[in-house]
Structures are given as structure tokens and as C-alpha cells.
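Visitor: Input structure: input_5.txt, which contains compact mmCIF, C-alpha atoms.
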```
# COMPACT_ATOMS: atom_id res chain seq x y z
CA MET A 314 169.58 77.41 227.43
CA ILE A 315 167.24 79.53 229.54
CA GLY A 316 165.59 82.94 229.69
CA GLU A 317 167.97 85.79 230.50
CA SER A 318 166.15 86.79 233.70
CA HIS A 319 167.13 83.46 235.21
CA LEU A 320 170.81 84.33 234.75
CA ALA A 321 171.07 86.84 237.60
CA ARG A 322 174.09 85.90 239.70
CA ASN A 323 172.01 84.92 242.73
CA HIS A 324 169.54 82.82 240.75
CA LEU A 325 170.33 79.76 238.62
CA PRO A 326 174.11 80.32 238.30
CA ARG A 327 174.48 80.24 242.11
CA LYS A 328 172.12 77.25 242.45
CA VAL A 329 174.03 75.28 239.82
CA THR A 330 177.33 75.99 241.56
CA GLU A 331 175.91 74.91 244.93
CA ARG A 332 174.48 71.68 243.50
CA LEU A 333 177.78 70.83 241.85
CA LYS A 334 179.71 71.42 245.08
CA LYS A 335 177.39 69.05 246.96
CA LYS A 336 178.35 66.34 244.47
CA GLY A 337 182.05 67.11 244.72
CA PHE A 338 182.37 69.03 241.47
CA GLU A 339 183.86 72.49 241.19
CA LYS A 340 183.56 73.77 237.63
CA ARG A 341 184.11 77.15 236.06
CA GLY A 342 180.80 78.60 234.92
CA VAL A 343 180.50 80.83 231.85
CA ILE A 344 177.33 82.86 231.27
CA VAL A 345 176.40 84.03 227.78
CA VAL A 346 173.41 86.33 227.29
CA GLN A 347 172.07 87.58 223.96
CA ASN A 348 171.10 90.92 222.49
CA LEU A 349 170.89 93.14 225.57
CA GLU A 350 169.41 96.41 224.34
CA ASP A 351 171.23 98.67 226.78
CA ILE A 352 174.62 97.25 225.77
CA TYR A 353 173.72 97.48 222.07
CA TRP A 354 172.83 101.18 222.23
CA ARG A 355 175.94 101.97 224.26
CA LEU A 356 178.00 100.29 221.54
CA ALA A 357 176.04 102.13 218.85
CA GLU A 358 176.89 105.48 220.43
CA LYS A 359 180.56 104.58 219.89
CA GLY A 360 180.00 103.33 216.34
CA LEU A 361 180.52 99.72 217.44
CA GLU A 362 177.06 98.29 216.82
CA GLY A 363 178.56 95.60 214.56
CA VAL A 364 180.50 93.99 217.42
CA ASP A 365 179.55 90.32 217.91
CA VAL A 366 180.59 89.65 221.51
CA VAL A 367 181.16 91.90 224.55
CA SER A 368 182.65 90.94 227.91
CA LEU A 369 180.41 91.93 230.82
CA GLY A 370 182.91 90.93 233.48
CA GLU A 371 184.58 87.76 234.63
CA ASP A 372 183.07 84.75 232.83
CA ARG A 373 180.09 86.77 231.54
CA PHE A 374 179.54 87.65 227.90
CA CYS A 375 176.87 89.19 225.70
CA HIS A 376 176.50 87.88 222.15
CA PHE A 377 174.73 89.89 219.43
CA ASN A 378 173.00 88.27 216.46
CA ALA A 379 170.16 90.79 216.05
CA SER A 380 169.52 94.47 216.59
CA PRO A 381 166.99 95.61 219.22
CA ILE A 382 164.51 96.46 216.49
CA ALA A 383 164.65 92.87 215.21
CA LYS A 384 164.23 91.61 218.76
CA TYR A 385 161.25 93.89 219.38
CA GLU A 386 159.63 92.77 216.13
CA ALA A 387 160.03 89.11 217.10
CA TYR A 388 158.36 89.90 220.44
CA ARG A 389 155.55 91.77 218.71
CA GLN A 390 154.83 88.94 216.29
CA THR A 391 154.83 86.40 219.12
CA ILE A 392 152.37 88.50 221.13
CA GLU A 393 150.14 88.86 218.08
CA LEU A 394 150.09 85.07 217.72
CA TRP A 395 149.27 84.62 221.40
CA LYS A 396 146.40 87.07 221.04
CA GLY A 397 145.20 85.23 217.95
CA ASP A 398 145.78 88.27 215.74
CA GLY A 399 148.66 86.72 213.84
CA GLU A 400 146.70 83.97 212.11
CA ASP A 401 146.00 86.21 209.14
CA GLU A 402 149.19 88.05 208.28
CA GLY A 403 147.24 90.48 206.12
CA VAL A 404 145.70 92.20 209.13
CA VAL A 405 148.94 92.82 211.04
CA ASP A 406 149.67 96.55 211.20
CA LEU A 407 153.42 97.09 210.69
CA THR A 408 153.32 100.87 211.04
CA SER A 409 154.93 100.95 214.49
CA THR A 410 157.62 98.50 213.36
CA VAL A 411 158.61 100.55 210.31
CA HIS A 412 158.44 103.84 212.21
CA SER A 413 160.73 102.34 214.86
CA MET A 414 163.19 101.50 212.08
CA ILE A 415 163.06 105.12 210.94
CA ASP A 416 163.74 106.21 214.54
CA THR A 417 166.77 103.89 214.68
CA ILE A 418 168.28 105.37 211.51
CA LEU A 419 167.59 108.94 212.65
CA ARG A 420 169.20 108.17 216.00
CA PHE A 421 172.39 107.11 214.21
CA LEU A 422 172.31 110.25 212.05
CA ARG A 423 171.58 112.33 215.17
CA VAL A 424 168.58 113.99 213.57
CA ASP A 425 165.85 115.15 215.95
CA LYS A 426 162.52 114.28 214.35
CA TYR A 427 160.73 116.83 216.54
CA SER A 428 162.84 119.80 215.43
CA HIS A 429 163.94 118.90 211.89
CA CYS A 430 161.80 120.86 209.46
CA VAL A 431 160.80 119.28 206.16
CA SER A 432 158.84 122.24 204.79
CA ARG A 433 160.17 123.94 201.71
CA THR A 434 158.92 127.36 202.70
CA ALA A 435 160.69 129.99 204.76
CA GLN A 436 158.29 129.33 207.61
CA CYS A 437 158.36 125.78 208.94
CA ARG A 438 154.95 124.18 208.50
CA GLU A 439 155.82 120.50 209.03
CA TYR A 440 158.36 118.68 211.18
CA LEU A 441 159.83 115.32 210.31
CA VAL A 442 157.83 113.43 212.95
CA ASP A 443 154.62 114.66 211.30
CA ALA A 444 155.79 113.53 207.86
CA TYR A 445 156.38 109.85 208.68
CA PRO A 446 155.10 107.69 205.81
CA GLU A 447 151.89 105.73 205.63
CA VAL A 448 152.58 102.00 205.93
CA TYR A 449 150.40 99.60 203.96
CA SER A 450 150.83 95.95 204.95
CA GLY A 451 148.88 92.98 203.70
CA MET A 452 147.44 94.91 200.75
CA GLU A 453 146.55 92.82 197.70
CA ILE A 454 148.35 93.64 194.45
CA GLU A 455 145.12 94.76 192.80
CA ASP A 456 144.48 97.15 195.69
CA LEU A 457 148.01 98.53 195.30
CA LYS A 458 147.42 99.04 191.58
CA GLN A 459 144.21 100.90 192.34
CA LEU A 460 146.03 103.12 194.84
CA LEU A 461 148.71 103.94 192.26
CA ARG A 462 146.10 104.66 189.58
CA SER A 463 144.36 107.06 191.93
CA HIS A 464 147.61 109.01 192.12
CA ARG A 465 147.96 108.99 188.32
CA PHE A 466 150.93 106.65 188.03
CA SER A 467 151.66 105.66 184.44
CA PRO A 468 151.66 101.94 183.49
CA GLU A 469 155.48 102.05 183.29
CA GLU A 470 155.75 103.60 186.76
CA MET A 471 153.32 101.04 188.16
CA ASP A 472 155.36 98.21 186.64
CA GLU A 473 158.50 99.59 188.29
CA VAL A 474 156.82 99.68 191.74
CA LEU A 475 155.38 96.18 191.32
CA SER A 476 158.75 94.85 190.16
CA HIS A 477 160.41 96.34 193.26
CA VAL A 478 157.78 94.76 195.52
CA GLY A 479 158.23 91.41 193.79
CA ARG A 480 161.99 91.56 194.25
CA SER A 481 162.19 92.90 197.81
CA GLY A 482 158.75 92.34 199.29
CA SER A 483 158.43 96.05 200.10
CA CYS A 484 158.73 99.43 198.43
CA TYR A 485 158.87 103.10 199.46
CA ILE A 486 156.86 105.26 197.08
CA PRO A 487 158.05 108.88 197.48
CA ARG A 488 155.31 110.46 195.39
CA ILE A 489 152.67 109.45 197.92
CA ASN A 490 155.09 109.15 200.86
CA ALA A 491 154.04 105.59 201.60
CA ILE A 492 155.74 102.26 202.26
CA PHE A 493 154.02 99.20 200.86
CA ILE A 494 154.90 95.87 202.49
CA GLY A 495 153.78 92.70 200.81
CA GLN A 496 155.88 89.96 202.34
CA PHE A 497 157.57 91.30 205.49
CA ASN A 498 161.34 91.07 205.57
CA MET A 499 163.28 92.88 208.28
CA VAL A 500 166.22 94.09 206.17
CA HIS A 501 164.18 95.06 203.14
CA ALA A 502 161.70 96.98 205.28
CA GLY A 503 164.76 98.64 206.84
CA GLU A 504 165.90 99.66 203.35
CA GLU A 505 162.58 101.35 202.65
CA ALA A 506 162.78 103.15 206.01
CA ALA A 507 166.26 104.37 205.00
CA HIS A 508 164.94 105.55 201.62
CA PHE A 509 162.32 107.62 203.43
CA VAL A 510 164.98 109.13 205.71
CA ASN A 511 167.26 109.88 202.76
CA LEU A 512 164.57 111.56 200.67
CA SER A 513 163.09 113.45 203.61
CA LEU A 514 166.50 114.87 204.62
CA LYS A 515 166.99 115.92 200.99
CA GLY A 516 163.47 117.34 200.86
CA GLU A 517 162.54 115.14 197.92
CA PHE A 518 159.53 113.12 198.97
CA TYR A 519 156.31 114.04 197.23
CA ASP A 520 158.48 114.69 194.15
CA ARG A 521 156.51 114.39 190.95
CA GLY A 522 159.21 112.36 189.14
CA PRO A 523 160.60 110.95 187.01
CA ARG A 524 163.29 113.59 186.67
CA VAL A 525 164.47 114.86 183.34
CA LEU A 526 168.22 114.21 183.60
CA PRO A 527 170.83 112.54 181.38
CA GLN A 528 170.91 108.76 181.80
CA PRO A 529 174.31 108.70 183.60
CA ASP A 530 172.91 111.09 186.25
CA LEU A 531 169.83 108.93 186.77
CA PHE A 532 172.02 105.81 186.91
CA TYR A 533 174.46 107.05 189.55
CA GLY A 534 171.77 108.90 191.49
CA GLY A 535 169.99 105.55 191.75
CA VAL A 536 173.20 103.83 192.83
CA MET A 537 173.72 106.35 195.64
CA GLU A 538 170.14 105.90 196.88
CA GLU A 539 170.50 102.11 196.83
CA ALA A 540 173.79 102.37 198.73
CA LEU A 541 172.26 104.47 201.50
CA GLY A 542 169.23 102.18 201.63
CA PHE A 543 171.49 99.17 202.15
CA PHE A 544 173.54 101.03 204.75
CA GLY A 545 170.35 101.92 206.64
CA SER A 546 169.28 98.27 206.64
CA LYS A 547 172.64 97.38 208.23
CA LEU A 548 171.76 99.68 211.13
CA ILE A 549 168.62 97.58 211.59
CA ASP A 550 170.38 94.23 211.16
CA PRO A 551 174.20 94.47 211.33
CA SER A 552 174.56 90.79 210.41
CA ARG A 553 173.38 91.44 206.85
CA ASN A 554 176.11 90.92 204.25
CA HIS A 555 175.54 91.67 200.58
CA PHE A 556 178.22 89.28 199.40
CA PHE A 557 176.50 86.34 201.09
CA GLU A 558 172.96 87.08 199.86
CA THR A 559 173.32 87.93 196.18
CA ASP A 560 173.21 85.33 193.41
CA PHE A 561 176.08 86.97 191.56
CA TYR A 562 178.67 86.08 194.19
CA GLN A 563 177.15 82.72 195.14
CA TYR A 564 177.22 81.42 191.57
CA TYR A 565 180.21 83.28 190.17
CA ARG A 566 182.16 81.01 187.77
CA LYS A 567 179.56 78.27 188.02
CA ASP A 568 178.52 76.28 184.93
CA ARG A 569 175.61 77.17 182.66
CA GLU A 570 173.26 74.53 184.11
CA THR A 571 173.78 75.70 187.70
CA ILE A 572 173.32 79.39 186.87
CA GLU A 573 170.21 78.92 184.74
CA SER A 574 168.54 76.53 187.18
CA ARG A 575 169.24 78.53 190.33
CA THR A 576 169.03 82.16 189.18
CA PRO A 577 166.48 84.08 187.08
CA TYR A 578 169.14 84.85 184.44
CA THR A 579 170.49 83.18 181.34
CA PHE A 580 174.15 82.18 181.44
CA GLU A 581 175.03 85.12 179.16
CA GLU A 582 173.00 87.66 181.15
CA PHE A 583 174.50 86.50 184.44
CA ASN A 584 178.09 86.76 183.21
CA ALA A 585 177.50 90.13 181.54
CA ILE A 586 176.18 91.56 184.83
CA ILE A 587 178.97 90.21 187.03
CA GLU A 588 181.63 91.29 184.51
CA PHE A 589 180.12 94.80 184.47
CA ILE A 590 180.36 94.99 188.26
CA LEU A 591 183.98 93.76 188.35
CA LEU A 592 185.05 96.04 185.50
CA HIS A 593 183.30 99.00 187.14
CA LYS A 594 185.04 98.40 190.48
CA LYS A 595 188.38 98.26 188.67
CA PHE A 596 187.64 101.40 186.67
CA GLU A 597 186.50 103.50 189.62
CA ARG A 598 189.75 102.85 191.54
CA ASP A 599 192.00 104.24 188.80
CA TYR A 600 189.69 106.17 186.53
CA GLU A 601 192.28 108.91 185.86
CA LYS A 602 194.40 106.34 184.03
CA TYR A 603 191.68 105.67 181.47
CA ALA A 604 191.63 107.77 178.30
CA GLU A 605 187.90 107.07 178.06
CA VAL A 606 185.22 105.19 179.90
CA PRO A 607 185.26 101.49 178.85
CA GLY A 608 182.56 100.69 176.34
CA ALA A 609 181.13 97.88 178.48
CA ILE A 610 180.47 100.35 181.30
CA LEU A 611 178.81 102.87 178.98
CA GLU A 612 176.68 100.07 177.56
CA GLY A 613 175.54 99.08 181.06
CA ILE A 614 174.70 102.67 182.05
CA ARG A 615 172.65 103.11 178.87
CA ALA A 616 171.00 99.69 179.06
CA GLU A 617 167.25 99.23 178.86
CA PRO A 618 165.51 99.92 182.21
CA LYS A 619 165.21 96.32 183.44
CA ARG A 620 168.91 95.56 183.07
CA ALA A 621 169.99 99.04 184.20
CA ASN A 622 167.96 98.61 187.41
CA ILE A 623 169.78 95.35 188.15
CA LEU A 624 173.17 97.05 187.70
CA ILE A 625 172.08 100.02 189.84
CA HIS A 626 170.86 97.64 192.53
CA GLU A 627 174.07 95.56 192.58
CA LEU A 628 176.48 98.51 192.47
CA GLY A 629 174.47 100.29 195.15
CA TYR A 630 174.35 97.32 197.50
CA PHE A 631 178.07 96.73 196.97
CA LEU A 632 178.81 100.36 197.87
CA GLY A 633 176.40 100.26 200.82
CA GLN A 634 178.28 97.29 202.26
CA GLN A 635 181.55 99.17 201.73
CA ILE A 636 180.20 102.30 203.45
CA TYR A 637 179.22 100.29 206.52
CA ASP A 638 182.54 98.44 206.65
CA ALA A 639 184.45 101.70 206.16
CA TYR A 640 182.53 103.34 209.00
CA ARG A 641 183.30 100.44 211.32
CA GLY A 642 186.93 100.53 210.19
CA GLY A 643 187.31 104.25 210.87
CA LEU A 644 187.63 105.28 207.21
CA LEU A 645 184.32 107.17 207.16
CA THR A 646 182.98 109.36 209.93
CA ARG A 647 179.37 109.58 211.03
CA LYS A 648 179.40 113.21 209.88
CA ALA A 649 180.40 112.15 206.36
CA ILE A 650 177.55 109.63 206.22
CA VAL A 651 175.08 112.26 207.46
CA GLY A 652 176.28 114.45 204.60
CA LEU A 653 175.52 111.69 202.10
CA PHE A 654 171.98 111.33 203.42
CA ARG A 655 171.42 115.09 203.07
CA THR A 656 172.97 115.58 199.61
CA SER A 657 170.62 116.07 196.68
CA PHE A 658 172.16 115.10 193.35
CA ARG A 659 170.22 117.50 191.17
CA ASP A 660 173.20 118.92 189.26
CA SER A 661 174.41 116.96 186.27
CA GLY A 662 177.56 115.00 187.14
CA SER A 663 177.18 115.42 190.89
CA ALA A 664 176.07 111.84 191.58
CA LEU A 665 178.93 110.32 189.56
CA SER A 666 181.44 112.63 191.23
CA ALA A 667 180.16 111.66 194.68
CA TYR A 668 180.21 107.98 193.74
CA LEU A 669 183.82 108.08 192.54
CA ASP A 670 185.01 110.03 195.59
CA LEU A 671 183.19 107.69 197.95
CA SER A 672 184.36 104.51 196.22
CA ARG A 673 187.93 105.57 196.92
CA ALA A 674 187.29 106.69 200.47
CA VAL A 675 185.91 103.29 201.51
CA ILE A 676 188.93 101.27 200.35
CA PRO A 677 191.68 100.79 202.98
CA ALA A 678 195.10 102.07 201.93
CA GLY A 679 197.04 99.48 199.98
CA GLU A 680 194.03 97.30 199.14
CA ASP A 681 193.32 96.58 195.52
CA ALA A 682 189.70 97.44 194.67
CA GLY A 683 189.54 94.97 191.82
CA ALA A 684 190.72 92.14 194.04
CA ALA A 685 188.31 93.19 196.79
CA ALA A 686 185.46 92.97 194.31
CA ARG A 687 186.28 89.50 193.00
CA PRO A 688 184.33 86.73 194.69
CA GLU A 689 186.31 83.69 195.79
```
Re-express the file's structure as C-alpha cells.
Guide:
Amino acid sequence: MIGESHLARNHLPRKVTERLKKKGFEKRGVIVVQNLEDIYWRLAEKGLEGVDVVSLGEDRFCHFNASPIAKYEAYRQTIELWKGDGEDEGVVDLTSTVHSMIDTILRFLRVDKYSHCVSRTAQCREYLVDAYPEVYSGMEIEDLKQLLRSHRFSPEEMDEVLSHVGRSGSCYIPRINAIFIGQFNMVHAGEEAAHFVNLSLKGEFYDRGPRVLPQPDLFYGGVMEEALGFFGSKLIDPSRNHFFETDFYQYYRKDRETIESRTPYTFEEFNAIIEFILLHKKFERDYEKYAEVPGAILEGIRAEPKRANILIHELGYFLGQQIYDAYRGGLLTRKAIVGLFRTSFRDSGSALSAYLDLSRAVIPAGEDAGAAARPE
């Protein structure tokens, strides 16, 4: 295994062949290179960025296990270590990394950051490139709390931000148009970049939330935002798969001891959450056949904030995975996904309606949604 520059036809491949011939061996050589950026972006233009292997000609292949942005970040971190700047992770400035993620998502959506106006007035006063978020990396929790206090966040709002940071390692805060990164994680930082793109295209950053809407609207609005955040992270790292990373599918149907020792939930909480998800996926496929919404679903939608946020997170990630798979499978167009990023669910019922329409659109004809949702 060697650096890719050594794999030019007239370099090591030719020398290896010549050496083998001198010893009486004639073997077929196969060259595999990894993560060539030019090939990746050409695939991305065709909506094929999730492809694992591409033939580059006779006996030459390119294998993809990371997006260019992940590759660039690995290079950047290595260079920082060489320079001696990476010894203290708190001083590493991740602004360029996160802004590059935003650029990647905008490139997919075909939005020009230099001409897209984010001003709410008739005369454009600010373009998207000038509205990129502040990125705070390595900030201590107490410093983050002080920052939030200075912007008059309530204790409940602060707890929600801190909980998000604790769960994902990063958080986009629309009110101050800033991304806070505690522990850097490529896909979760990609999610926050996608949240910025989503809210900026809807014109909703700097919103002075929380909104005064009925709980079902807040619930499904949150689900849609989580879905688009997950989808955006897949553009950064196509290898991400929700069904492999979440506790609910890893420990489905496991015994009480396993669940309570390996997840942060009690046995009853765990099963209530997974049953809500499975029942919801069944309901959304054939909702016209129901005389009324099942009580267990209504109970989940109206649950106290901590549990409701878990359900929003899980349903949103599930749908985000489906959106990406549907796009790759030709069920959703790029134009339809752009529309989702631009849609503001301010009217009561609009988020639920969009969710139900989308949940049907992402299921291939003939496939049972309930069966697709059940973990093996």
C-alpha cells in the first residue's frame, strides 16, 4: 500500500512488472486508488456520489470511503500536528472546515452563495456568503453559557443547546447564527452546516424563537429539520448510515440487562420509543385507512420535551436516510430536495402534510413501509 502519486503507469506499476519478468513471472496487476476528488465531483454532478467503486480503465479502480471534505479535514489535522498546533485541540480553528461543508451542500443544491440574497427587505443588503455563521471550537461549557446569557437565552433554552452539544458534540444556534463545536465529529458538524443552509434558504436564522405554534406543528417541523440535517451530513460523508449508528436498531429486541447497561434508557423507555417509531412508520404509509390517529402516536407528539426531542431526532434521522436513498434510487429529484430546503413550515399543518407526502415518495413501489422500518 503506497501513496497514490507512486501509482502512475510509468512509475511503480511498470517497475514491478519489469522486476517480475526478470524473475520469470508474468502476473496481472490491479491498481486501486482511493478517494480521487475529481472523480468524486464528477459522480456528484450525476447524483452518484454514493458509489463505492469506479473503473478507471483496464485493471484500474477508484474506491471511495470518504468524501473530499473528510479527506481535506484529515490533511488539515495532520498538518496542524506537524506544525505543533494540534497538541491542544482547543486552539484549532474549524471555521474553514465548517464553511467548506456549507459550500459542499450549497454546491449540491446549486445555490450560488455570491448571488443568493438573504435579506428580508426589497433591496438586497446581504448575500449568503456574507452571512456564513461564526464557528466556535474548543470553547469551554461555561464560556458557552456566558455567550448564551449575553444573548438573553432562558435557562430552558440554554439547557436545550447544552443537551444538543452533549449528544452530538456540536450545535447550530440560529438566534446568533453560530455553530458551536465541542468535540469535533465530521458528520455531526455536517449536520449543523446543513441546518444553517436550511434556515438561511428559508430566511429563518436570527429568528427570535421559540415559535408559538401547536405542538404537532413544532413536532413535525422539528422532524423535517432533522431529516434535512441528516441528509446534508450524507453529502459530507456518504458512508453514514442511521440504521447502523443508533442504539434503537442495534439493541432492538435485546433483553433488559443489555439495553439498560448499553444505552441511556430504561427497558421500558427504550421499548416505548422504538414501538413509537415502528407504529408511526406503519401509520404514515396508510394513514387514510385510520379513523383517527393512534393514541400512542398522539402521546409521543405531546410528550414532555426531553422524550419528544428523542422521537423528533429518531424520526428525522430515519426520514433523512430515506431521502438520501430515494435520491440515489431515482425516486426523488434534486429539484424536489432543493424545494424541501427552501420551504418554511409556518402555516399550521404544513409540516405534517409535507412529512406524510415525503414519507410516501421515498418508499419504492411495492415495498411495505412497516417491514422496511423493522430492524432485523
Visitor: Counting only C-alpha atoms, which residues of segment 462-564 of chain A fall within 9 Å of segment 370-386 of chain A, and what is the closest atom pair for each with its distance in Å at one decimal, ordered by chain and rising number, as JSON lines?
Guide:
```
{"residue": "A:Met499", "atom": "CA", "partner": "A:Ala383", "partner_atom": "CA", "distance": 7.1}
{"residue": "A:Leu548", "atom": "CA", "partner": "A:Ser380", "partner_atom": "CA", "distance": 7.9}
{"residue": "A:Ile549", "atom": "CA", "partner": "A:Ser380", "partner_atom": "CA", "distance": 6.0}
{"residue": "A:Asp550", "atom": "CA", "partner": "A:Ser380", "partner_atom": "CA", "distance": 5.5}
{"residue": "A:Pro551", "atom": "CA", "partner": "A:Ser380", "partner_atom": "CA", "distance": 7.0}
{"residue": "A:Ser552", "atom": "CA", "partner": "A:Asn378", "partner_atom": "CA", "distance": 6.7}
```
Visitor: For those residues, write C-alpha atoms to a file as a short mmCIF file (atom, residue, chain, number, x, y, z; two decimals), in the frame of the given file.
Guide:
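File written: again-v3.cif
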```
data_model
loop_
_atom_site.label_atom_id
_atom_site.label_comp_id
_atom_site.auth_asym_id
_atom_site.auth_seq_id
_atom_site.Cartn_x
_atom_site.Cartn_y
_atom_site.Cartn_z
CA MET A 499 163.28 92.88 208.28
CA LEU A 548 171.76 99.68 211.13
CA ILE A 549 168.62 97.58 211.59
CA ASP A 550 170.38 94.23 211.16
CA PRO A 551 174.20 94.47 211.33
CA SER A 552 174.56 90.79 210.41
#
```
Visitor: Between A:Lys602, A:Lys458, A:Lys426, A:Arg566, which residue has the minimum interatomic distance to Ala585 of chain A, considering only C-alpha atoms?
Guide: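 Ranking A:Lys602, A:Lys458, A:Lys426, A:Arg566 by distance to Ala585 of chain A, first place goes to A:Arg566.
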Visitor: I'd like the interatomic distance between atom CA of Ile572 of chain A and atom CA of Lys594 of chain A, to a tenth of an Å.
Guide: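 Straight-line distance from atom CA of Ile572 of chain A to atom CA of Lys594 of chain A works out to 22.6 Å.
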Visitor: Of the residues A:Ser661, A:Ser428, A:Asn622, A:Thr656, which is the one nearest to His477 of chain A, using all atoms listed in the file?
Guide: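 Smallest distance to His477 of chain A is found for A:Asn622.
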Visitor: Which of these, A:Met414, A:Leu632, A:Ile590, A:Ile676, has the shortest distance to Val500 of chain A once you count only C-alpha atoms?
Guide: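 With only C-alpha atoms as the atom set, the closest residue is A:Met414.
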Visitor: Taking into account all atoms listed in the file, which residue in the set A:Glu470, A:Asp443, A:Asp560, A:Glu539 is nearest to Ser513 of chain A?
Guide: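 Using all atoms listed in the file, the shortest distance to Ser513 of chain A belongs to A:Asp443.
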Visitor: Using atom CA of Glu538 of chain A and atom CA of Gly629 of chain A as the two end points, give the distance in Å to one decimal.
Guide: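 Atom-to-atom, atom CA of Glu538 of chain A and atom CA of Gly629 of chain A are spaced 7.3 Å apart.
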Visitor: Work out how far atom CA of Leu320 of chain A is from atom CA of Val367 of chain A, in Å to one decimal.
Guide: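 Atom CA of Leu320 of chain A lies 16.4 Å from atom CA of Val367 of chain A.
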Visitor: Of the residues A:Glu627, A:Gly535, A:Leu644, A:Ser546, which is the one nearest to Arg659 of chain A, using only C-alpha atoms?
Guide: A:Gly535
Visitor: Edge lengths and centre in Å to one decimal, as lines of an AutoDock Vina configuration file, is what I'm after for the box along x, y and z that holds all listed atoms of segment 616-627 of chain A once 4 Å is added on each side.
Guide:
```
center_x = 169.6
center_y = 97.7
center_z = 185.7
size_x = 16.9
size_y = 12.7
size_z = 21.7
```
Visitor: Supply segment 554-562 of chain A as a short mmCIF file (atom, residue, chain, number, x, y, z; two decimals), keeping the file's coordinate frame, with all heavy atoms built in where the input has gaps.
Guide:
```cif
data_model
loop_
_atom_site.label_atom_id
_atom_site.label_comp_id
_atom_site.auth_asym_id
_atom_site.auth_seq_id
_atom_site.Cartn_x
_atom_site.Cartn_y
_atom_site.Cartn_z
N ASN A 554 174.89 90.81 205.05
CA ASN A 554 176.11 90.92 204.25
C ASN A 554 175.74 90.70 202.79
O ASN A 554 175.25 89.63 202.42
CB ASN A 554 177.15 89.89 204.69
CG ASN A 554 178.51 90.13 204.03
OD1 ASN A 554 178.60 90.27 202.82
ND2 ASN A 554 179.55 90.17 204.85
N HIS A 555 175.94 91.73 201.98
CA HIS A 555 175.54 91.67 200.58
C HIS A 555 176.22 90.52 199.84
O HIS A 555 175.61 89.84 199.01
CB HIS A 555 175.87 92.98 199.89
CG HIS A 555 175.66 92.95 198.41
ND1 HIS A 555 174.48 92.52 197.83
CD2 HIS A 555 176.49 93.26 197.36
CE1 HIS A 555 174.58 92.60 196.51
NE2 HIS A 555 175.77 93.03 196.21
N PHE A 556 177.46 90.27 200.16
CA PHE A 556 178.22 89.28 199.40
C PHE A 556 177.77 87.85 199.69
O PHE A 556 178.10 86.92 198.97
CB PHE A 556 179.71 89.44 199.66
CG PHE A 556 180.19 90.84 199.38
CD1 PHE A 556 180.74 91.62 200.38
CD2 PHE A 556 180.04 91.38 198.13
CE1 PHE A 556 181.17 92.92 200.13
CE2 PHE A 556 180.45 92.69 197.86
CZ PHE A 556 181.02 93.45 198.85
N PHE A 557 177.01 87.67 200.78
CA PHE A 557 176.50 86.34 201.09
C PHE A 557 175.09 86.12 200.53
O PHE A 557 174.63 84.99 200.42
CB PHE A 557 176.45 86.12 202.61
CG PHE A 557 177.80 86.11 203.26
CD1 PHE A 557 177.94 86.38 204.61
CD2 PHE A 557 178.95 85.83 202.53
CE1 PHE A 557 179.19 86.39 205.22
CE2 PHE A 557 180.20 85.84 203.12
CZ PHE A 557 180.33 86.10 204.47
N GLU A 558 174.38 87.21 200.21
CA GLU A 558 172.96 87.08 199.86
C GLU A 558 172.67 87.20 198.39
O GLU A 558 171.58 86.86 197.94
CB GLU A 558 172.13 88.11 200.63
CG GLU A 558 172.38 89.54 200.19
CD GLU A 558 171.55 90.55 200.98
OE1 GLU A 558 171.33 90.32 202.18
OE2 GLU A 558 171.13 91.54 200.38
N THR A 559 173.61 87.71 197.59
CA THR A 559 173.32 87.93 196.18
C THR A 559 173.73 86.73 195.32
O THR A 559 174.74 86.08 195.57
CB THR A 559 174.02 89.20 195.66
OG1 THR A 559 173.69 89.41 194.29
CG2 THR A 559 175.54 89.08 195.77
N ASP A 560 172.92 86.44 194.30
CA ASP A 560 173.21 85.33 193.41
C ASP A 560 174.55 85.50 192.69
O ASP A 560 175.24 84.51 192.42
CB ASP A 560 172.11 85.21 192.34
CG ASP A 560 170.79 84.72 192.91
OD1 ASP A 560 170.81 84.12 194.00
OD2 ASP A 560 169.75 84.95 192.26
N PHE A 561 174.92 86.74 192.40
CA PHE A 561 176.08 86.97 191.56
C PHE A 561 177.39 86.51 192.21
O PHE A 561 178.34 86.15 191.52
CB PHE A 561 176.16 88.45 191.16
CG PHE A 561 175.00 88.86 190.31
CD1 PHE A 561 174.00 89.66 190.83
CD2 PHE A 561 174.89 88.42 189.01
CE1 PHE A 561 172.91 90.02 190.05
CE2 PHE A 561 173.80 88.77 188.22
CZ PHE A 561 172.82 89.57 188.74
N TYR A 562 177.45 86.55 193.52
CA TYR A 562 178.67 86.08 194.19
C TYR A 562 178.55 84.62 194.60
O TYR A 562 179.56 83.92 194.69
CB TYR A 562 178.97 86.98 195.39
CG TYR A 562 179.13 88.42 194.95
CD1 TYR A 562 178.15 89.37 195.23
CD2 TYR A 562 180.23 88.82 194.20
CE1 TYR A 562 178.27 90.67 194.78
CE2 TYR A 562 180.35 90.12 193.74
CZ TYR A 562 179.37 91.04 194.03
OH TYR A 562 179.48 92.32 193.57
#
```
